[in-house]
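The next block is target30.cif, given as mmCIF, N, CA and C atoms.
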```
data_entry
#
loop_
_atom_site.label_atom_id
_atom_site.label_comp_id
_atom_site.auth_asym_id
_atom_site.auth_seq_id
_atom_site.Cartn_x
_atom_site.Cartn_y
_atom_site.Cartn_z
N MET F 57 64.16 12.44 -47.49
CA MET F 57 62.81 12.52 -47.02
C MET F 57 62.15 13.74 -47.66
N THR F 58 60.97 13.56 -48.11
CA THR F 58 60.29 14.66 -48.78
C THR F 58 59.69 15.62 -47.76
N MET F 59 59.29 16.77 -48.25
CA MET F 59 58.72 17.79 -47.37
C MET F 59 57.38 17.34 -46.78
N VAL F 60 56.61 16.59 -47.53
CA VAL F 60 55.32 16.10 -47.04
C VAL F 60 55.54 15.12 -45.90
N THR F 61 56.54 14.26 -46.03
CA THR F 61 56.83 13.29 -44.97
C THR F 61 57.28 14.00 -43.71
N LYS F 62 58.12 15.00 -43.85
CA LYS F 62 58.56 15.76 -42.69
C LYS F 62 57.39 16.46 -42.01
N PHE F 63 56.51 17.04 -42.81
CA PHE F 63 55.34 17.72 -42.25
C PHE F 63 54.44 16.73 -41.52
N LEU F 64 54.24 15.55 -42.10
CA LEU F 64 53.40 14.55 -41.45
C LEU F 64 54.01 14.06 -40.14
N LEU F 65 55.33 13.90 -40.10
CA LEU F 65 55.98 13.49 -38.85
C LEU F 65 55.85 14.55 -37.77
N ILE F 66 56.02 15.81 -38.15
CA ILE F 66 55.86 16.89 -37.18
C ILE F 66 54.42 16.95 -36.68
N ALA F 67 53.47 16.82 -37.60
CA ALA F 67 52.07 16.82 -37.19
C ALA F 67 51.74 15.64 -36.29
N ALA F 68 52.31 14.47 -36.58
CA ALA F 68 52.06 13.30 -35.74
C ALA F 68 52.64 13.49 -34.35
N LEU F 69 53.84 14.07 -34.25
CA LEU F 69 54.43 14.31 -32.94
C LEU F 69 53.62 15.31 -32.12
N VAL F 70 53.16 16.38 -32.78
CA VAL F 70 52.36 17.38 -32.07
C VAL F 70 51.02 16.78 -31.64
N LEU F 71 50.40 16.03 -32.52
CA LEU F 71 49.12 15.41 -32.16
C LEU F 71 49.27 14.34 -31.10
N SER F 72 50.43 13.68 -31.06
CA SER F 72 50.64 12.66 -30.03
C SER F 72 50.73 13.27 -28.64
N ILE F 73 50.99 14.56 -28.57
CA ILE F 73 50.99 15.25 -27.29
C ILE F 73 49.62 15.87 -27.01
N ILE F 74 49.04 16.50 -27.99
CA ILE F 74 47.80 17.25 -27.78
C ILE F 74 46.59 16.34 -27.57
N LEU F 75 46.48 15.29 -28.37
CA LEU F 75 45.28 14.44 -28.27
C LEU F 75 45.11 13.76 -26.92
N PRO F 76 46.13 13.08 -26.38
CA PRO F 76 45.93 12.47 -25.06
C PRO F 76 45.65 13.51 -23.97
N PHE F 77 46.27 14.68 -24.08
CA PHE F 77 46.01 15.72 -23.09
C PHE F 77 44.58 16.22 -23.20
N GLY F 78 44.09 16.36 -24.43
CA GLY F 78 42.70 16.76 -24.63
C GLY F 78 41.73 15.72 -24.13
N VAL F 79 42.03 14.46 -24.36
CA VAL F 79 41.17 13.39 -23.85
C VAL F 79 41.17 13.39 -22.33
N TYR F 80 42.31 13.67 -21.74
CA TYR F 80 42.41 13.75 -20.27
C TYR F 80 41.53 14.87 -19.74
N LEU F 81 41.57 16.03 -20.38
CA LEU F 81 40.78 17.16 -19.90
C LEU F 81 39.28 16.98 -20.15
N MET F 82 38.93 16.32 -21.26
CA MET F 82 37.52 16.14 -21.60
C MET F 82 36.89 14.95 -20.90
N GLY F 83 37.70 14.04 -20.41
CA GLY F 83 37.19 12.80 -19.84
C GLY F 83 36.51 12.99 -18.51
N GLU F 84 35.88 11.94 -18.07
CA GLU F 84 35.19 11.99 -16.79
C GLU F 84 36.19 11.98 -15.65
N ARG F 85 35.79 12.57 -14.56
CA ARG F 85 36.68 12.69 -13.41
C ARG F 85 36.67 11.40 -12.60
N ARG F 86 37.73 10.62 -12.75
CA ARG F 86 37.86 9.41 -11.95
C ARG F 86 39.31 9.24 -11.56
N LYS F 87 39.56 8.30 -10.70
CA LYS F 87 40.86 8.20 -10.04
C LYS F 87 42.02 7.83 -10.98
N GLY F 88 41.85 6.85 -11.84
CA GLY F 88 42.96 6.35 -12.63
C GLY F 88 43.13 7.00 -13.98
N ARG F 89 42.47 8.10 -14.24
CA ARG F 89 42.53 8.66 -15.60
C ARG F 89 43.87 9.31 -15.89
N PHE F 90 44.55 9.83 -14.88
CA PHE F 90 45.84 10.46 -15.12
C PHE F 90 46.87 9.44 -15.58
N LYS F 91 46.94 8.31 -14.91
CA LYS F 91 47.92 7.28 -15.27
C LYS F 91 47.63 6.73 -16.66
N LYS F 92 46.38 6.52 -16.97
CA LYS F 92 46.01 6.00 -18.28
C LYS F 92 46.35 7.01 -19.38
N SER F 93 46.03 8.27 -19.13
CA SER F 93 46.33 9.31 -20.12
C SER F 93 47.83 9.47 -20.31
N LEU F 94 48.58 9.40 -19.22
CA LEU F 94 50.03 9.50 -19.32
C LEU F 94 50.62 8.32 -20.09
N ALA F 95 50.11 7.13 -19.83
CA ALA F 95 50.60 5.95 -20.54
C ALA F 95 50.30 6.05 -22.04
N VAL F 96 49.12 6.49 -22.39
CA VAL F 96 48.76 6.65 -23.81
C VAL F 96 49.62 7.72 -24.45
N ASN F 97 49.85 8.82 -23.74
CA ASN F 97 50.67 9.90 -24.26
C ASN F 97 52.10 9.44 -24.51
N VAL F 98 52.69 8.73 -23.56
CA VAL F 98 54.05 8.24 -23.71
C VAL F 98 54.13 7.23 -24.86
N PHE F 99 53.14 6.35 -24.95
CA PHE F 99 53.14 5.34 -26.01
C PHE F 99 53.10 6.00 -27.39
N PHE F 100 52.17 6.92 -27.60
CA PHE F 100 52.05 7.54 -28.91
C PHE F 100 53.24 8.44 -29.23
N PHE F 101 53.72 9.19 -28.25
CA PHE F 101 54.84 10.10 -28.53
C PHE F 101 56.10 9.32 -28.88
N PHE F 102 56.47 8.35 -28.04
CA PHE F 102 57.69 7.62 -28.32
C PHE F 102 57.53 6.66 -29.50
N GLY F 103 56.34 6.18 -29.74
CA GLY F 103 56.11 5.38 -30.94
C GLY F 103 56.32 6.19 -32.20
N THR F 104 55.77 7.39 -32.21
CA THR F 104 55.98 8.28 -33.36
C THR F 104 57.44 8.67 -33.48
N LEU F 105 58.10 8.90 -32.35
CA LEU F 105 59.51 9.25 -32.37
C LEU F 105 60.37 8.12 -32.93
N VAL F 106 60.07 6.89 -32.56
CA VAL F 106 60.83 5.75 -33.08
C VAL F 106 60.60 5.60 -34.58
N ILE F 107 59.38 5.75 -35.02
CA ILE F 107 59.08 5.65 -36.46
C ILE F 107 59.81 6.77 -37.22
N ALA F 108 59.83 7.97 -36.65
CA ALA F 108 60.54 9.08 -37.30
C ALA F 108 62.04 8.79 -37.38
N ASP F 109 62.60 8.24 -36.31
CA ASP F 109 64.03 7.90 -36.34
C ASP F 109 64.33 6.83 -37.36
N ILE F 110 63.48 5.84 -37.46
CA ILE F 110 63.69 4.78 -38.46
C ILE F 110 63.63 5.36 -39.86
N MET F 111 62.67 6.25 -40.10
CA MET F 111 62.57 6.86 -41.42
C MET F 111 63.76 7.78 -41.70
N LEU F 112 64.25 8.44 -40.65
CA LEU F 112 65.35 9.39 -40.84
C LEU F 112 66.68 8.69 -41.09
N PHE F 113 66.94 7.61 -40.36
CA PHE F 113 68.23 6.95 -40.44
C PHE F 113 68.24 5.72 -41.34
N SER F 114 67.21 5.50 -42.11
CA SER F 114 67.15 4.30 -42.94
C SER F 114 67.58 4.59 -44.37
N GLY F 115 68.67 5.29 -44.55
CA GLY F 115 69.20 5.54 -45.88
C GLY F 115 70.00 4.35 -46.36
N SER F 116 69.99 4.10 -47.64
CA SER F 116 70.75 2.97 -48.15
C SER F 116 72.17 3.41 -48.49
N ALA F 117 73.13 2.55 -48.19
CA ALA F 117 74.54 2.88 -48.46
C ALA F 117 74.84 2.85 -49.95
N GLU F 118 74.05 2.13 -50.73
CA GLU F 118 74.29 2.04 -52.17
C GLU F 118 73.95 3.34 -52.88
N ALA F 119 73.11 4.16 -52.25
CA ALA F 119 72.69 5.40 -52.90
C ALA F 119 73.84 6.40 -52.97
N ALA F 120 74.79 6.31 -52.08
CA ALA F 120 75.92 7.22 -52.09
C ALA F 120 76.96 6.70 -53.08
N GLY F 121 77.22 7.48 -54.09
CA GLY F 121 78.13 7.05 -55.13
C GLY F 121 79.59 7.19 -54.75
N ALA F 122 79.97 8.30 -54.17
CA ALA F 122 81.37 8.55 -53.87
C ALA F 122 81.63 8.36 -52.38
N ALA F 123 82.91 8.19 -52.06
CA ALA F 123 83.29 8.00 -50.65
C ALA F 123 83.09 9.29 -49.86
N SER F 124 83.23 10.43 -50.52
CA SER F 124 83.06 11.70 -49.82
C SER F 124 81.61 11.91 -49.39
N GLU F 125 80.67 11.45 -50.22
CA GLU F 125 79.26 11.57 -49.84
C GLU F 125 78.96 10.69 -48.64
N THR F 126 79.55 9.51 -48.60
CA THR F 126 79.34 8.61 -47.47
C THR F 126 79.95 9.20 -46.21
N ALA F 127 81.14 9.79 -46.32
CA ALA F 127 81.78 10.41 -45.16
C ALA F 127 80.98 11.61 -44.67
N ALA F 128 80.44 12.39 -45.60
CA ALA F 128 79.63 13.54 -45.22
C ALA F 128 78.35 13.08 -44.52
N ALA F 129 77.76 12.01 -45.02
CA ALA F 129 76.54 11.49 -44.38
C ALA F 129 76.85 10.95 -42.99
N ALA F 130 78.00 10.29 -42.83
CA ALA F 130 78.38 9.76 -41.52
C ALA F 130 78.64 10.88 -40.54
N SER F 131 79.33 11.94 -40.99
CA SER F 131 79.59 13.06 -40.08
C SER F 131 78.30 13.79 -39.74
N SER F 132 77.39 13.88 -40.70
CA SER F 132 76.10 14.50 -40.44
C SER F 132 75.31 13.69 -39.42
N SER F 133 75.37 12.37 -39.54
CA SER F 133 74.68 11.51 -38.58
C SER F 133 75.32 11.62 -37.21
N ALA F 134 76.64 11.69 -37.16
CA ALA F 134 77.33 11.83 -35.87
C ALA F 134 77.01 13.17 -35.23
N ALA F 135 76.95 14.23 -36.03
CA ALA F 135 76.59 15.53 -35.49
C ALA F 135 75.16 15.54 -34.98
N GLY F 136 74.28 14.88 -35.71
CA GLY F 136 72.89 14.80 -35.27
C GLY F 136 72.75 14.06 -33.95
N LEU F 137 73.50 12.97 -33.81
CA LEU F 137 73.46 12.23 -32.54
C LEU F 137 74.10 13.04 -31.42
N GLY F 138 75.09 13.87 -31.75
CA GLY F 138 75.67 14.76 -30.75
C GLY F 138 74.66 15.77 -30.25
N TYR F 139 73.85 16.31 -31.16
CA TYR F 139 72.80 17.25 -30.75
C TYR F 139 71.74 16.55 -29.91
N VAL F 140 71.43 15.31 -30.25
CA VAL F 140 70.48 14.54 -29.44
C VAL F 140 71.05 14.30 -28.05
N ALA F 141 72.35 14.00 -27.97
CA ALA F 141 72.99 13.79 -26.67
C ALA F 141 72.96 15.06 -25.83
N ALA F 142 73.22 16.19 -26.45
CA ALA F 142 73.18 17.46 -25.72
C ALA F 142 71.77 17.75 -25.21
N ALA F 143 70.78 17.49 -26.05
CA ALA F 143 69.39 17.72 -25.63
C ALA F 143 68.99 16.78 -24.50
N LEU F 144 69.41 15.52 -24.61
CA LEU F 144 69.06 14.56 -23.55
C LEU F 144 69.75 14.89 -22.24
N SER F 145 71.00 15.32 -22.30
CA SER F 145 71.70 15.64 -21.05
C SER F 145 71.04 16.83 -20.36
N THR F 146 70.63 17.82 -21.11
CA THR F 146 69.95 18.96 -20.50
C THR F 146 68.56 18.58 -20.02
N GLY F 147 67.80 17.92 -20.87
CA GLY F 147 66.41 17.60 -20.53
C GLY F 147 66.29 16.66 -19.35
N LEU F 148 67.06 15.58 -19.37
CA LEU F 148 66.95 14.60 -18.30
C LEU F 148 67.49 15.13 -16.98
N SER F 149 68.55 15.94 -17.03
CA SER F 149 69.06 16.52 -15.79
C SER F 149 68.07 17.52 -15.21
N CYS F 150 67.38 18.25 -16.06
CA CYS F 150 66.37 19.19 -15.56
C CYS F 150 65.16 18.47 -14.98
N ILE F 151 64.78 17.35 -15.57
CA ILE F 151 63.69 16.56 -15.00
C ILE F 151 64.09 16.02 -13.64
N GLY F 152 65.31 15.47 -13.54
CA GLY F 152 65.79 14.97 -12.26
C GLY F 152 65.90 16.06 -11.21
N ALA F 153 66.38 17.23 -11.62
CA ALA F 153 66.48 18.35 -10.68
C ALA F 153 65.10 18.82 -10.24
N GLY F 154 64.15 18.81 -11.15
CA GLY F 154 62.79 19.20 -10.78
C GLY F 154 62.18 18.27 -9.75
N ILE F 155 62.41 16.98 -9.94
CA ILE F 155 61.90 16.00 -8.97
C ILE F 155 62.59 16.20 -7.62
N ALA F 156 63.90 16.41 -7.64
CA ALA F 156 64.65 16.59 -6.39
C ALA F 156 64.26 17.88 -5.68
N VAL F 157 64.11 18.97 -6.43
CA VAL F 157 63.72 20.24 -5.82
C VAL F 157 62.31 20.15 -5.27
N ALA F 158 61.44 19.45 -5.96
CA ALA F 158 60.06 19.33 -5.47
C ALA F 158 60.01 18.65 -4.11
N SER F 159 60.76 17.59 -3.94
CA SER F 159 60.73 16.90 -2.65
C SER F 159 61.53 17.65 -1.59
N ALA F 160 62.68 18.22 -1.96
CA ALA F 160 63.50 18.94 -0.98
C ALA F 160 62.84 20.24 -0.54
N ALA F 161 62.24 20.96 -1.47
CA ALA F 161 61.63 22.24 -1.12
C ALA F 161 60.38 22.04 -0.27
N SER F 162 59.59 21.03 -0.56
CA SER F 162 58.40 20.80 0.27
C SER F 162 58.79 20.37 1.68
N ALA F 163 59.83 19.54 1.79
CA ALA F 163 60.30 19.16 3.11
C ALA F 163 60.91 20.35 3.84
N ALA F 164 61.61 21.21 3.10
CA ALA F 164 62.20 22.40 3.71
C ALA F 164 61.12 23.35 4.22
N LEU F 165 60.06 23.54 3.46
CA LEU F 165 58.98 24.41 3.91
C LEU F 165 58.30 23.86 5.16
N GLY F 166 58.13 22.54 5.19
CA GLY F 166 57.54 21.94 6.38
C GLY F 166 58.43 22.11 7.60
N ALA F 167 59.74 21.94 7.41
CA ALA F 167 60.67 22.08 8.53
C ALA F 167 60.76 23.54 8.98
N ILE F 168 60.74 24.48 8.04
CA ILE F 168 60.83 25.89 8.39
C ILE F 168 59.57 26.35 9.13
N SER F 169 58.42 25.78 8.76
CA SER F 169 57.19 26.18 9.45
C SER F 169 57.19 25.73 10.91
N GLU F 170 57.90 24.66 11.21
CA GLU F 170 57.99 24.20 12.59
C GLU F 170 59.11 24.91 13.36
N ASP F 171 60.26 25.10 12.71
CA ASP F 171 61.41 25.71 13.38
C ASP F 171 62.16 26.57 12.36
N SER F 172 62.11 27.88 12.54
CA SER F 172 62.69 28.78 11.54
C SER F 172 64.22 28.79 11.55
N SER F 173 64.84 28.14 12.52
CA SER F 173 66.30 28.15 12.58
C SER F 173 66.93 27.18 11.57
N VAL F 174 66.15 26.35 10.92
CA VAL F 174 66.69 25.39 9.95
C VAL F 174 66.65 25.91 8.52
N LEU F 175 66.42 27.21 8.36
CA LEU F 175 66.31 27.80 7.01
C LEU F 175 67.59 27.61 6.21
N GLY F 176 68.74 27.91 6.79
CA GLY F 176 70.01 27.79 6.07
C GLY F 176 70.33 26.37 5.68
N LYS F 177 70.08 25.44 6.58
CA LYS F 177 70.35 24.03 6.28
C LYS F 177 69.44 23.51 5.17
N SER F 178 68.20 23.93 5.18
CA SER F 178 67.26 23.43 4.16
C SER F 178 67.55 24.04 2.80
N LEU F 179 68.01 25.30 2.77
CA LEU F 179 68.35 25.92 1.49
C LEU F 179 69.54 25.23 0.83
N ILE F 180 70.44 24.68 1.62
CA ILE F 180 71.58 23.96 1.07
C ILE F 180 71.10 22.74 0.29
N PHE F 181 70.14 22.02 0.84
CA PHE F 181 69.65 20.82 0.14
C PHE F 181 68.90 21.18 -1.14
N VAL F 182 68.17 22.27 -1.11
CA VAL F 182 67.47 22.71 -2.34
C VAL F 182 68.48 23.14 -3.39
N ALA F 183 69.54 23.83 -2.97
CA ALA F 183 70.56 24.28 -3.92
C ALA F 183 71.34 23.09 -4.49
N LEU F 184 71.60 22.08 -3.68
CA LEU F 184 72.28 20.89 -4.19
C LEU F 184 71.43 20.18 -5.24
N ALA F 185 70.14 20.15 -5.02
CA ALA F 185 69.25 19.52 -6.00
C ALA F 185 69.22 20.32 -7.29
N GLU F 186 69.28 21.64 -7.17
CA GLU F 186 69.27 22.48 -8.37
C GLU F 186 70.59 22.37 -9.14
N GLY F 187 71.65 22.01 -8.44
CA GLY F 187 72.95 21.84 -9.08
C GLY F 187 72.95 20.75 -10.12
N VAL F 188 72.08 19.78 -9.98
CA VAL F 188 71.99 18.69 -10.97
C VAL F 188 71.63 19.25 -12.35
N ALA F 189 70.72 20.20 -12.38
CA ALA F 189 70.34 20.81 -13.66
C ALA F 189 71.51 21.60 -14.25
N LEU F 190 72.24 22.28 -13.41
CA LEU F 190 73.39 23.05 -13.90
C LEU F 190 74.47 22.13 -14.46
N TYR F 191 74.69 21.00 -13.81
CA TYR F 191 75.69 20.05 -14.32
C TYR F 191 75.26 19.50 -15.68
N GLY F 192 74.00 19.21 -15.85
CA GLY F 192 73.51 18.75 -17.15
C GLY F 192 73.67 19.81 -18.21
N LEU F 193 73.43 21.06 -17.86
CA LEU F 193 73.61 22.16 -18.81
C LEU F 193 75.08 22.31 -19.18
N ILE F 194 75.98 22.17 -18.21
CA ILE F 194 77.41 22.27 -18.49
C ILE F 194 77.85 21.14 -19.42
N VAL F 195 77.35 19.93 -19.18
CA VAL F 195 77.69 18.79 -20.05
C VAL F 195 77.19 19.04 -21.48
N SER F 196 75.99 19.56 -21.62
CA SER F 196 75.48 19.81 -22.97
C SER F 196 76.26 20.91 -23.66
N ILE F 197 76.71 21.92 -22.92
CA ILE F 197 77.55 22.96 -23.53
C ILE F 197 78.88 22.38 -23.98
N MET F 198 79.42 21.47 -23.19
CA MET F 198 80.68 20.81 -23.59
C MET F 198 80.48 19.96 -24.84
N ILE F 199 79.36 19.25 -24.93
CA ILE F 199 79.07 18.44 -26.11
C ILE F 199 78.92 19.34 -27.34
N LEU F 200 78.18 20.44 -27.19
CA LEU F 200 78.00 21.36 -28.31
C LEU F 200 79.31 22.03 -28.70
N GLY F 201 80.21 22.23 -27.74
CA GLY F 201 81.53 22.79 -28.06
C GLY F 201 82.36 21.84 -28.90
N LYS F 202 82.22 20.54 -28.66
CA LYS F 202 82.94 19.54 -29.47
C LYS F 202 82.36 19.44 -30.89
N LEU F 203 81.06 19.70 -31.04
CA LEU F 203 80.44 19.58 -32.35
C LEU F 203 80.76 20.77 -33.24
N GLY F 204 80.83 21.94 -32.68
CA GLY F 204 80.97 23.15 -33.49
C GLY F 204 82.31 23.65 -33.56
#
```
Could you render the structure from this file as structure tokens?
Amino acid sequence: MTMVTKFLLIAALVLSIILPFGVYLMGERRKGRFKKSLAVNVFFFFGTLVIADIMLFSGSAEAAGAASETAAAASSSAAGLGYVAAALSTGLSCIGAGIAVASAASAALGAISEDSSVLGKSLIFVALAEGVALYGLIVSIMILGKLG
């Protein structure tokens, strides 16, 4: 892949995030604009990501002359997918933990405001939700340990 292609893919990914967010902020204030903006943002971001993956992994096997070049390309591809797996395990576990902490912490604050004796019990549930992010981080460290 040439440097211009890489630059264009990076610019497309950045613009796929910035443009829908800008349209959301500049748009008129109505009820369904957040869902529409989020849908457009997800569509453009993952569409650009899929196109970038196709361009990145669409090498021809005939171009590699020797078996060592093919083995090096395969190990490079496997290492790249390992890094993607590590990133996904951390990112998705943090998103899940954020959702869990948001609901557990708001419920805990409501319960504490009514009865302060439930503080310890509510903190346990918030800590359990936060543990999900730590488990994802541990899994990604283990994956990175296997790669390096």
Tell me which residues the PyMOL selection byres (((chain F and resi 185 and name CA) around 8) and name CA) grabs here, as JSON, numbers by chain.
-> {"F": [153, 156, 157, 160, 181, 182, 183, 184, 186, 187, 188, 189]}
Within 6.5 Å of segment 138-145 of chain F, counting only N, CA and C atoms, which residues show up once you throw out same-chain ones fewer than 4 positions away? Write them as a list in words, please.
-> Ser133, Ala134, Ser149, Cys150, Gly192, Leu193, Val195, Ser196, Ile197, Ile199 and Leu200 of chain F
Work out how far atom N of Ala68 of chain F is from atom C of Phe102 of chain F, in Å to one decimal.
->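 Going from atom C of Phe102 of chain F over to atom N of Ala68 of chain F covers 11.8 Å.
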From F:Leu94, F:Thr146, F:Ile151, F:Leu203, residue lying nearest Pro76 of chain F [only N, CA and C atoms] |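 Once distances to Pro76 of chain F are computed over only N, CA and C atoms, the minimum belongs to F:Leu94.
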Atom-to-atom span, atom CA of Leu65 of chain F and atom CA of Ala108 of chain F, Å |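 For atom CA of Leu65 of chain F relative to atom CA of Ala108 of chain F, the distance reads 6.5 Å.
In this model, the gap between atom CA of Leu75 of chain F and atom CA of Ile107 of chain F comes to 18.3 Å.
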Padding 6 Å on every side, please: axis-aligned box over the listed atoms of segment 98-108 of chain F, centre and edge lengths to one decimal in Å, as lines of an AutoDock Vina configuration file.
```
center_x = 57.0
center_y = 7.7
center_z = -30.5
size_x = 22.0
size_y = 16.8
size_z = 25.8
```
